[in-house]
>>> print(open('entry-v1.cif').read())   # mmCIF, C-alpha atoms
data_entry
loop_
_atom_site.label_atom_id
_atom_site.label_comp_id
_atom_site.auth_asym_id
_atom_site.auth_seq_id
_atom_site.Cartn_x
_atom_site.Cartn_y
_atom_site.Cartn_z
CA PRO A 1454 4.07 8.72 -0.88
CA SER A 1455 6.06 5.49 -0.77
CA GLU A 1456 7.94 4.45 2.36
CA HIS A 1457 10.82 3.10 0.27
CA TRP A 1458 12.89 4.83 -2.34
CA MET A 1459 14.36 2.90 -5.26
CA GLU A 1460 17.42 4.08 -7.17
CA GLY A 1461 17.06 7.57 -5.75
CA LYS A 1462 13.35 7.97 -6.48
CA GLN A 1463 10.39 8.16 -4.11
CA TYR A 1464 7.21 6.81 -5.68
CA ALA A 1465 3.60 7.96 -5.54
CA ALA A 1466 2.44 5.21 -3.19
CA GLU A 1467 3.37 1.83 -1.75
CA TYR A 1468 1.44 -1.42 -1.33
CA GLN A 1469 2.62 -3.78 1.41
CA ILE A 1470 1.68 -7.43 1.89
CA ASN A 1471 2.41 -8.72 5.40
CA VAL A 1472 2.83 -12.51 5.40
CA ILE A 1473 1.65 -14.18 8.61
CA GLN A 1474 3.76 -17.14 9.69
CA ASN A 1475 4.41 -19.46 12.63
CA ARG A 1476 5.38 -17.40 15.69
CA ASP A 1477 8.06 -20.00 16.55
CA SER A 1478 9.90 -19.34 13.30
CA GLN A 1479 13.49 -18.17 13.73
CA ARG A 1480 13.32 -16.09 10.56
CA GLY A 1481 11.85 -12.63 10.27
CA ALA A 1482 8.29 -12.14 9.04
CA PRO A 1483 8.27 -11.46 5.27
CA VAL A 1484 6.79 -8.21 3.97
CA ILE A 1485 6.42 -7.80 0.20
CA SER A 1486 6.41 -4.19 -0.92
CA VAL A 1487 5.20 -2.95 -4.31
CA LEU A 1488 5.91 0.64 -5.29
CA PHE A 1489 3.36 2.53 -7.39
CA ASP A 1490 4.17 4.92 -10.21
CA PHE A 1491 1.80 6.86 -12.44
CA HIS A 1492 0.63 5.21 -15.65
CA PRO A 1493 1.88 7.27 -18.63
CA ASP A 1494 -1.66 7.28 -20.07
CA ASP A 1495 -3.26 7.78 -16.62
CA THR A 1496 -4.95 4.38 -16.92
CA PRO A 1497 -6.45 3.12 -13.64
CA ASN A 1498 -5.13 -0.06 -12.07
CA PHE A 1499 -8.00 -2.56 -12.18
CA ARG A 1500 -7.00 -4.57 -9.09
CA ILE A 1501 -6.15 -1.51 -7.02
CA GLN A 1502 -9.52 -0.01 -7.91
CA GLN A 1503 -11.19 -3.13 -6.51
CA LEU A 1504 -9.29 -2.56 -3.28
CA LEU A 1505 -10.15 1.14 -3.25
CA ASP A 1506 -13.82 0.32 -3.81
CA HIS A 1507 -13.70 -1.89 -0.72
CA PHE A 1508 -12.15 0.85 1.41
CA GLN A 1509 -14.50 3.45 -0.10
CA ALA A 1510 -17.52 1.38 0.93
CA GLN A 1511 -16.27 1.25 4.53
CA TYR A 1512 -15.39 4.96 4.40
CA ASP A 1513 -18.92 5.83 3.20
CA ALA A 1514 -20.56 3.56 5.79
CA ASP A 1515 -18.63 5.20 8.62
CA GLN A 1516 -19.38 8.69 7.26
CA VAL A 1517 -23.10 7.90 7.17
CA ALA A 1518 -23.04 6.47 10.69
CA CYS A 1519 -21.25 9.59 11.91
CA GLU A 1520 -23.73 11.90 10.15
CA ALA A 1521 -26.68 9.98 11.56
CA LYS A 1522 -25.24 10.30 15.05
CA GLN A 1523 -24.70 14.05 14.62
CA ARG A 1524 -28.24 14.52 13.31
CA GLN A 1525 -29.67 12.66 16.27
CA GLN A 1526 -27.56 14.73 18.65
CA ARG A 1527 -28.79 17.96 17.09
CA LYS A 1528 -32.39 16.89 17.59
CA LEU A 1529 -31.74 15.95 21.22
CA ASN A 1530 -30.02 19.28 21.85
CA ALA A 1531 -32.95 21.17 20.32
CA ARG A 1532 -35.45 19.37 22.51
CA LEU A 1533 -33.40 20.08 25.62
CA LEU A 1534 -33.11 23.77 24.74
CA LEU A 1535 -36.82 24.16 23.94
CA ARG A 1536 -38.30 21.83 26.52
CA GLY A 1537 -41.94 22.77 27.09
CA LYS A 1538 -42.23 25.20 24.15
CA ALA A 1539 -45.03 24.77 21.63
CA ASP A 1540 -42.93 24.24 18.50
CA GLU A 1541 -40.41 21.98 20.20
CA SER A 1542 -40.81 19.18 17.65
CA THR A 1543 -39.89 21.26 14.59
CA TRP A 1544 -37.26 23.72 15.77
CA LEU A 1545 -33.84 22.79 14.30
CA ASP A 1546 -35.25 19.59 12.76
CA GLU A 1547 -33.89 18.79 9.29
CA PRO A 1548 -36.19 19.90 6.41
CA ALA A 1549 -38.29 16.94 5.34
CA GLU A 1550 -36.79 16.78 1.86
CA GLU A 1551 -33.21 16.83 3.24
CA GLU A 1552 -34.07 14.14 5.74
CA ALA A 1553 -35.50 11.99 2.94
CA LYS A 1554 -32.38 12.48 0.80
CA PHE A 1555 -30.13 11.49 3.69
CA GLU A 1556 -32.15 8.37 4.50
CA GLU A 1557 -32.08 7.31 0.85
CA TYR A 1558 -28.31 7.83 0.72
CA ARG A 1559 -27.94 5.96 4.01
CA ARG A 1560 -29.92 3.03 2.64
CA ARG A 1561 -27.76 2.80 -0.51
CA VAL A 1562 -24.54 2.93 1.49
CA GLU A 1563 -25.66 0.31 3.99
CA GLU A 1564 -26.64 -2.02 1.16
CA GLN A 1565 -23.12 -1.97 -0.30
CA PRO A 1566 -21.17 -5.19 0.34
CA LEU A 1567 -18.19 -4.36 2.55
CA TYR A 1568 -16.20 -7.38 1.40
CA ARG A 1569 -15.11 -7.91 -2.17
CA LYS A 1570 -12.95 -10.79 -3.36
CA PHE A 1571 -9.51 -9.45 -4.19
CA ASN A 1572 -6.34 -11.06 -5.56
CA VAL A 1573 -3.49 -9.47 -3.59
CA TRP A 1574 -0.87 -11.27 -5.72
CA ASP A 1575 -2.20 -10.41 -9.18
CA PRO A 1576 0.80 -10.74 -11.57
CA GLU A 1577 -0.72 -8.48 -14.21
CA TRP A 1578 -1.68 -5.50 -12.07
CA ILE A 1579 0.35 -5.73 -8.83
CA LEU A 1580 3.29 -8.17 -8.69
CA VAL A 1581 4.55 -7.32 -12.15
CA THR A 1582 8.06 -8.62 -11.46
CA THR A 1583 9.66 -11.63 -9.80
CA TRP A 1584 12.82 -9.99 -8.47
CA PHE A 1585 13.44 -7.65 -5.57
CA PHE A 1586 15.72 -5.78 -3.21
CA GLY A 1587 15.83 -7.37 0.24
CA TYR A 1588 16.97 -6.39 3.72
CA GLU A 1589 16.29 -7.06 7.39
CA GLY A 1590 14.33 -4.20 8.93
CA SER A 1591 11.50 -3.05 11.14
CA LEU A 1592 7.87 -2.08 11.19
CA THR A 1593 7.36 1.38 9.71
CA GLU A 1594 4.94 2.40 12.45
CA PRO A 1595 5.25 2.34 16.26
CA PRO A 1596 6.71 0.42 18.00
CA CYS A 1597 8.99 -0.02 14.92
CA THR A 1598 10.07 -3.48 16.11
CA GLU A 1599 12.88 -5.04 14.06
CA PHE A 1600 11.72 -8.49 13.00
CA LEU A 1601 10.83 -8.11 9.31
CA GLU A 1602 12.38 -9.44 6.12
CA TRP A 1603 11.58 -6.74 3.57
CA ARG A 1604 11.22 -7.60 -0.12
CA ILE A 1605 10.97 -4.49 -2.31
CA MET A 1606 9.87 -5.55 -5.78
CA ASP A 1607 12.20 -4.05 -8.36
CA LYS A 1608 9.53 -2.92 -10.86
CA PRO A 1609 6.71 -0.56 -9.82
CA ALA A 1610 3.06 -1.22 -10.60
CA LEU A 1611 1.07 1.57 -12.23
CA ILE A 1612 -1.93 3.58 -11.03
CA SER A 1613 -3.80 6.66 -12.23
CA ARG A 1614 -3.61 10.08 -10.59
CA GLY A 1615 -7.30 9.83 -9.76
CA GLN A 1616 -6.63 6.65 -7.79
CA LEU A 1617 -3.94 8.42 -5.77
CA VAL A 1618 -6.39 11.23 -4.98
CA GLN A 1619 -8.94 8.64 -3.81
CA MET A 1620 -6.30 6.95 -1.62
CA LYS A 1621 -5.43 10.24 0.04
CA LYS A 1622 -9.07 11.13 0.67
CA ILE A 1623 -9.74 7.78 2.34
CA LEU A 1624 -6.51 7.83 4.37
CA PHE A 1625 -6.55 11.46 5.47
CA ASN A 1626 -10.27 12.19 5.95
CA HIS A 1627 -11.70 8.99 7.39
CA VAL A 1628 -13.79 9.21 10.56
CA ASP A 1629 -15.15 6.23 12.48
CA LYS A 1630 -18.78 5.67 13.51
CA ASN A 1631 -18.24 7.94 16.51
CA CYS A 1632 -16.97 10.77 14.27
CA LYS A 1633 -13.37 10.41 15.45
CA ARG A 1634 -10.61 10.92 12.91
CA THR A 1635 -8.46 7.83 12.40
CA SER A 1636 -5.64 9.23 10.24
CA VAL A 1637 -2.11 9.68 11.58
CA HIS A 1638 -0.90 11.63 8.55
CA TYR A 1639 1.50 14.52 8.94
CA GLN A 1640 1.98 17.22 6.32
CA GLY A 1641 0.15 15.18 3.71
CA SER A 1642 2.03 11.93 4.27
CA VAL A 1643 1.67 8.68 6.21
CA ALA A 1644 5.20 7.53 5.33
CA ARG A 1645 7.81 7.01 8.04
CA PRO A 1646 10.69 9.51 7.82
CA LEU A 1647 13.84 8.36 6.03
CA GLN A 1648 16.04 6.18 8.23
CA PRO A 1649 19.83 5.51 8.08
CA TYR A 1650 21.11 2.10 6.97
CA SER A 1651 22.91 1.55 10.28
CA GLY A 1652 25.12 -1.15 8.77
CA ARG A 1653 22.31 -3.15 7.22
CA LEU A 1654 23.06 -5.15 4.10
CA VAL A 1655 20.75 -4.83 1.10
CA HIS A 1656 20.80 -7.64 -1.43
CA ARG A 1657 19.45 -7.60 -4.97
CA CYS A 1658 17.82 -10.72 -6.38
CA MET A 1659 17.86 -11.12 -10.16
CA CYS A 1660 17.49 -13.87 -12.75
CA ARG A 1661 20.95 -15.20 -11.87
CA ASP A 1662 19.58 -16.00 -8.40
CA PHE A 1663 16.31 -17.65 -9.43
CA LEU A 1664 13.62 -17.76 -12.11
CA GLY A 1665 9.87 -17.77 -11.74
CA ASP A 1666 7.87 -20.89 -12.56
CA ASP A 1667 6.93 -19.86 -16.10
CA ASP A 1668 10.44 -18.68 -16.97
CA ARG A 1669 11.94 -21.85 -15.49
CA LYS A 1670 9.76 -24.07 -17.66
CA GLU A 1671 10.51 -22.09 -20.82
CA TYR A 1672 14.22 -21.59 -20.14
CA GLY A 1673 14.84 -25.11 -18.86
CA MET A 1674 16.96 -23.99 -15.89
CA ASN A 1675 16.37 -22.72 -12.34
CA ARG A 1676 18.35 -19.54 -12.94
CA CYS A 1677 19.65 -17.68 -15.98
CA LEU A 1678 23.12 -17.93 -17.40
CA TRP A 1679 25.09 -14.74 -16.83
CA VAL A 1680 25.35 -14.14 -20.58
CA ASP A 1681 21.53 -14.33 -20.90
CA ARG A 1682 20.66 -11.78 -18.20
CA ASP A 1683 19.52 -9.18 -20.73
CA LYS A 1684 16.82 -11.59 -21.94
CA PHE A 1685 15.20 -11.20 -18.53
CA GLY A 1686 15.33 -7.40 -18.41
CA PHE A 1687 18.77 -6.93 -16.85
CA ASP A 1688 20.75 -4.69 -19.17
CA ARG A 1689 24.30 -6.05 -19.45
CA ASP A 1690 25.81 -2.53 -19.47
CA GLN A 1691 24.17 -1.70 -16.13
CA TYR A 1692 24.20 -5.11 -14.48
CA THR A 1693 27.87 -5.94 -14.75
CA LEU A 1694 29.88 -8.61 -12.99
CA GLU A 1695 31.29 -5.90 -10.71
CA TRP A 1696 27.72 -4.86 -9.79
CA TYR A 1697 26.78 -8.48 -9.12
CA LYS A 1698 29.68 -9.00 -6.73
CA LYS A 1699 28.88 -5.81 -4.82
CA THR A 1700 25.19 -6.57 -4.41
CA HIS A 1701 25.59 -10.24 -3.48
CA LYS A 1702 27.99 -10.03 -0.55
CA TYR A 1703 26.75 -10.42 2.99
CA GLU A 1704 29.89 -10.64 5.12
CA ASP A 1705 30.83 -6.99 5.56
CA PRO A 1706 28.77 -3.83 4.94
CA SER A 1707 31.89 -2.14 3.57
CA ASP A 1708 31.78 -4.62 0.66
CA GLN A 1709 28.42 -3.30 -0.38
CA PRO A 1710 28.28 0.48 -0.98
CA LEU A 1711 24.62 1.46 -0.77
CA THR A 1712 24.43 4.52 -2.96
CA ASP A 1713 21.88 3.61 -5.62
CA TRP A 1714 18.71 3.29 -3.54
CA ALA A 1715 17.37 4.20 -0.13
CA SER A 1716 14.97 2.62 2.33
CA PHE A 1717 12.77 4.15 4.98
#
>>> encode(input="entry-v1.cif", output="C-alpha cells")
Amino acid sequence: PSEHWMEGKQYAAEYQINVIQNRDSQRGAPVISVLFDFHPDDTPNFRIQQLLDHFQAQYDADQVACEAKQRQQRKLNARLLLRGKADESTWLDEPAEEEAKFEEYRRRVEEQPLYRKFNVWDPEWILVTTWFFGYEGSLTEPPCTEFLEWRIMDKPALISRGQLVQMKKILFNHVDKNCKRTSVHYQGSVARPLQPYSGRLVHRCMCRDFLGDDDRKEYGMNRCLWVDRDKFGFDRDQYTLEWYKKTHKYEDPSDQPLTDWASF
C-alpha cells in the first residue's frame, strides 16, 4: 500500500519521483509522491501499464535466466550421479517437447525490449493535480537519512485492481538471474511503518499559493483570489480562512495541528 496517508486514508499504492539535483545544494532533494486509488470502473491506467510492462519484461527475463540455470544444474547433477552408466545422457533430462517449449518461451522473452519510453510526469494519467502537501523528511528505506523535501500530490491518480495485482507479483516474487529473491516485503507490504511527526511542519499548497501555467494564462494572475478558490477545486466550506492560516504557518508546530492527514 501507500507509504503516505492523506486525510486519514491509506491508498492502494504510491508512485514516487526522486529528483536528482546538484550535491552542493543547500536544500533537500525533492521527491514527488503520487498516491493511487482504484478507478470506479476498474479502468487501467495507460501510463502505469507502460511502466508495468517494462518491469514485467525484466521480471520475465530474470525468471527465464533463473530457470535456465536450474535446468543446467539439474543436468550436471544427473551426470555426476550417474557417471559411467549407460543411460547417463537421458536420465533426468527434460522431455524433448518440454525443452522445446522452454527454449521457445526463452527466445520470446529475450527478444522483448527492456526499455520503453515513458512519461513520468504525464498530466492526464499521473500528475493529475498541481497542488500538494509538503514537509521535510527522510528516505523511507534504510538508512532513512533525513534530507528530502516531500511533495505529496493532493489528488490521487487511478489504477485498476488488476494493475495492483501485477505490481504485487513483480515486487513480491521477483528473483534475479541467480535465483535469489530481491523483495524486502513484510506481511504483504513494502511500505515503511507509520512514523510520528516529531515536530515537523506540514504545509498545504493550493491555488492561493500558485497556479499552473495553463491556469495562469487563462486566469491572468499567478495565484487565485481567495473568493475564487472554489473555481480551482477548493470548496469554500472546507477551505476556510481559518484553515488557510493553520496550514500556512511555519514558525511553531503548535500553530499547525496535524490531525487531518498522516505521513509515513
>>> closest_residue(input="entry-v1.cif", among="A:Arg1560, A:Lys1570, A:Arg1500, A:Arg1604", to="A:Gly1481", atoms="all atoms listed in the file")
A:Arg1604
>>> resolve_selection(input="entry-v1.cif", expression="the PyMOL selection byres ((chain A and resi 1665) around 10)", output="PyMOL selection string")
chain A and resi 1582-1584+1660+1663-1664+1666-1670+1675-1676
>>> resolve_selection(input="entry-v1.cif", expression="the PyMOL selection byres ((chain A and resi 1682) around 12)", output="MDAnalysis selection string")
chainID A and resid 1659:1664 1672 1676:1681 1683:1694 1697
>>> write_last_selection(input="entry-v1.cif", atoms="C-alpha atoms", output="mmCIF file, in the frame of the given file")
data_model
loop_
_atom_site.group_PDB
_atom_site.id
_atom_site.type_symbol
_atom_site.label_atom_id
_atom_site.label_comp_id
_atom_site.auth_asym_id
_atom_site.auth_seq_id
_atom_site.Cartn_x
_atom_site.Cartn_y
_atom_site.Cartn_z
ATOM 1 C CA MET A 1659 17.860 -11.120 -10.160
ATOM 2 C CA CYS A 1660 17.490 -13.870 -12.750
ATOM 3 C CA ARG A 1661 20.950 -15.200 -11.870
ATOM 4 C CA ASP A 1662 19.580 -16.000 -8.400
ATOM 5 C CA PHE A 1663 16.310 -17.650 -9.430
ATOM 6 C CA LEU A 1664 13.620 -17.760 -12.110
ATOM 7 C CA TYR A 1672 14.220 -21.590 -20.140
ATOM 8 C CA ARG A 1676 18.350 -19.540 -12.940
ATOM 9 C CA CYS A 1677 19.650 -17.680 -15.980
ATOM 10 C CA LEU A 1678 23.120 -17.930 -17.400
ATOM 11 C CA TRP A 1679 25.090 -14.740 -16.830
ATOM 12 C CA VAL A 1680 25.350 -14.140 -20.580
ATOM 13 C CA ASP A 1681 21.530 -14.330 -20.900
ATOM 14 C CA ASP A 1683 19.520 -9.180 -20.730
ATOM 15 C CA LYS A 1684 16.820 -11.590 -21.940
ATOM 16 C CA PHE A 1685 15.200 -11.200 -18.530
ATOM 17 C CA GLY A 1686 15.330 -7.400 -18.410
ATOM 18 C CA PHE A 1687 18.770 -6.930 -16.850
ATOM 19 C CA ASP A 1688 20.750 -4.690 -19.170
ATOM 20 C CA ARG A 1689 24.300 -6.050 -19.450
ATOM 21 C CA ASP A 1690 25.810 -2.530 -19.470
ATOM 22 C CA GLN A 1691 24.170 -1.700 -16.130
ATOM 23 C CA TYR A 1692 24.200 -5.110 -14.480
ATOM 24 C CA THR A 1693 27.870 -5.940 -14.750
ATOM 25 C CA LEU A 1694 29.880 -8.610 -12.990
ATOM 26 C CA TYR A 1697 26.780 -8.480 -9.120
#
>>> closest_atom_pairs(input="entry-v1.cif", of="stretch 1627-1689 of chain A", to="stretch 1508-1512 of chain A", cutoff="9 Å", atoms="all atoms listed in the file", output="Markdown table")
| residue | atom | partner | partner_atom | distance |
| --- | --- | --- | --- | --- |
| A:His1627 | CA | A:Tyr1512 | CA | 6.2 |
| A:Val1628 | CA | A:Tyr1512 | CA | 7.7 |
| A:Asp1629 | CA | A:Tyr1512 | CA | 8.2 |
>>> write_last_selection(input="entry-v1.cif", atoms="C-alpha atoms", output="tab-separated table (two decimals), in the coordinates of the input")
chain	number	residue	atom	x	y	z
A	1627	HIS	CA	-11.70	8.99	7.39
A	1628	VAL	CA	-13.79	9.21	10.56
A	1629	ASP	CA	-15.15	6.23	12.48
>>> atom_distance(input="entry-v1.cif", atom1="atom CA of A:Tyr1650", atom2="atom CA of A:His1701")
16.8 Å
>>> residues_around(input="entry-v1.cif", residues="stretch 1591-1593 of chain A", least_positions_apart="5", cutoff="12 Å", atoms="all atoms listed in the file", output="PDB file with C-alpha atoms, keeping the file's coordinate frame")
ATOM      1  CA  SER A1455       6.060   5.490  -0.770  1.00  0.00           C
ATOM      2  CA  GLU A1456       7.940   4.450   2.360  1.00  0.00           C
ATOM      3  CA  HIS A1457      10.820   3.100   0.270  1.00  0.00           C
ATOM      4  CA  GLN A1469       2.620  -3.780   1.410  1.00  0.00           C
ATOM      5  CA  ASN A1471       2.410  -8.720   5.400  1.00  0.00           C
ATOM      6  CA  GLY A1481      11.850 -12.630  10.270  1.00  0.00           C
ATOM      7  CA  ALA A1482       8.290 -12.140   9.040  1.00  0.00           C
ATOM      8  CA  PRO A1483       8.270 -11.460   5.270  1.00  0.00           C
ATOM      9  CA  VAL A1484       6.790  -8.210   3.970  1.00  0.00           C
ATOM     10  CA  THR A1598      10.070  -3.480  16.110  1.00  0.00           C
ATOM     11  CA  GLU A1599      12.880  -5.040  14.060  1.00  0.00           C
ATOM     12  CA  PHE A1600      11.720  -8.490  13.000  1.00  0.00           C
ATOM     13  CA  LEU A1601      10.830  -8.110   9.310  1.00  0.00           C
ATOM     14  CA  GLU A1602      12.380  -9.440   6.120  1.00  0.00           C
ATOM     15  CA  TRP A1603      11.580  -6.740   3.570  1.00  0.00           C
ATOM     16  CA  VAL A1643       1.670   8.680   6.210  1.00  0.00           C
ATOM     17  CA  ALA A1644       5.200   7.530   5.330  1.00  0.00           C
ATOM     18  CA  ARG A1645       7.810   7.010   8.040  1.00  0.00           C
ATOM     19  CA  PRO A1646      10.690   9.510   7.820  1.00  0.00           C
ATOM     20  CA  LEU A1647      13.840   8.360   6.030  1.00  0.00           C
ATOM     21  CA  GLN A1648      16.040   6.180   8.230  1.00  0.00           C
ATOM     22  CA  TYR A1650      21.110   2.100   6.970  1.00  0.00           C
ATOM     23  CA  ARG A1653      22.310  -3.150   7.220  1.00  0.00           C
ATOM     24  CA  SER A1716      14.970   2.620   2.330  1.00  0.00           C
ATOM     25  CA  PHE A1717      12.770   4.150   4.980  1.00  0.00           C
TER      26      PHE A1717
END
>>> resolve_selection(input="entry-v1.cif", expression="the PyMOL selection byres ((chain A and resi 1501) around 10)", output="PDB file with C-alpha atoms, in the frame of the given file")
ATOM      1  CA  TYR A1468       1.440  -1.420  -1.330  1.00  0.00           C
ATOM      2  CA  PRO A1497      -6.450   3.120 -13.640  1.00  0.00           C
ATOM      3  CA  ASN A1498      -5.130  -0.060 -12.070  1.00  0.00           C
ATOM      4  CA  PHE A1499      -8.000  -2.560 -12.180  1.00  0.00           C
ATOM      5  CA  ARG A1500      -7.000  -4.570  -9.090  1.00  0.00           C
ATOM      6  CA  GLN A1502      -9.520  -0.010  -7.910  1.00  0.00           C
ATOM      7  CA  GLN A1503     -11.190  -3.130  -6.510  1.00  0.00           C
ATOM      8  CA  LEU A1504      -9.290  -2.560  -3.280  1.00  0.00           C
ATOM      9  CA  LEU A1505     -10.150   1.140  -3.250  1.00  0.00           C
ATOM     10  CA  ASP A1506     -13.820   0.320  -3.810  1.00  0.00           C
ATOM     11  CA  HIS A1507     -13.700  -1.890  -0.720  1.00  0.00           C
ATOM     12  CA  PHE A1571      -9.510  -9.450  -4.190  1.00  0.00           C
ATOM     13  CA  ASN A1572      -6.340 -11.060  -5.560  1.00  0.00           C
ATOM     14  CA  VAL A1573      -3.490  -9.470  -3.590  1.00  0.00           C
ATOM     15  CA  ASP A1575      -2.200 -10.410  -9.180  1.00  0.00           C
ATOM     16  CA  TRP A1578      -1.680  -5.500 -12.070  1.00  0.00           C
ATOM     17  CA  ILE A1579       0.350  -5.730  -8.830  1.00  0.00           C
ATOM     18  CA  ALA A1610       3.060  -1.220 -10.600  1.00  0.00           C
ATOM     19  CA  LEU A1611       1.070   1.570 -12.230  1.00  0.00           C
ATOM     20  CA  ILE A1612      -1.930   3.580 -11.030  1.00  0.00           C
ATOM     21  CA  SER A1613      -3.800   6.660 -12.230  1.00  0.00           C
ATOM     22  CA  GLN A1616      -6.630   6.650  -7.790  1.00  0.00           C
TER      23      GLN A1616
END
>>> axis_aligned_box(input="entry-v1.cif", around="stretch 1519-1524 of chain A", padding_each_side="6 Å", output="lines of an AutoDock Vina configuration file")
center_x = -24.7
center_y = 12.1
center_z = 12.6
size_x = 19.0
size_y = 16.9
size_z = 16.9
>>> atom_distance(input="entry-v1.cif", atom1="atom CA of A:Asn1626", atom2="atom CA of A:Tyr1639")
12.4 Å
>>> atom_distance(input="entry-v1.cif", atom1="atom CA of A:Glu1551", atom2="atom CA of A:Gln1525")
14.1 Å
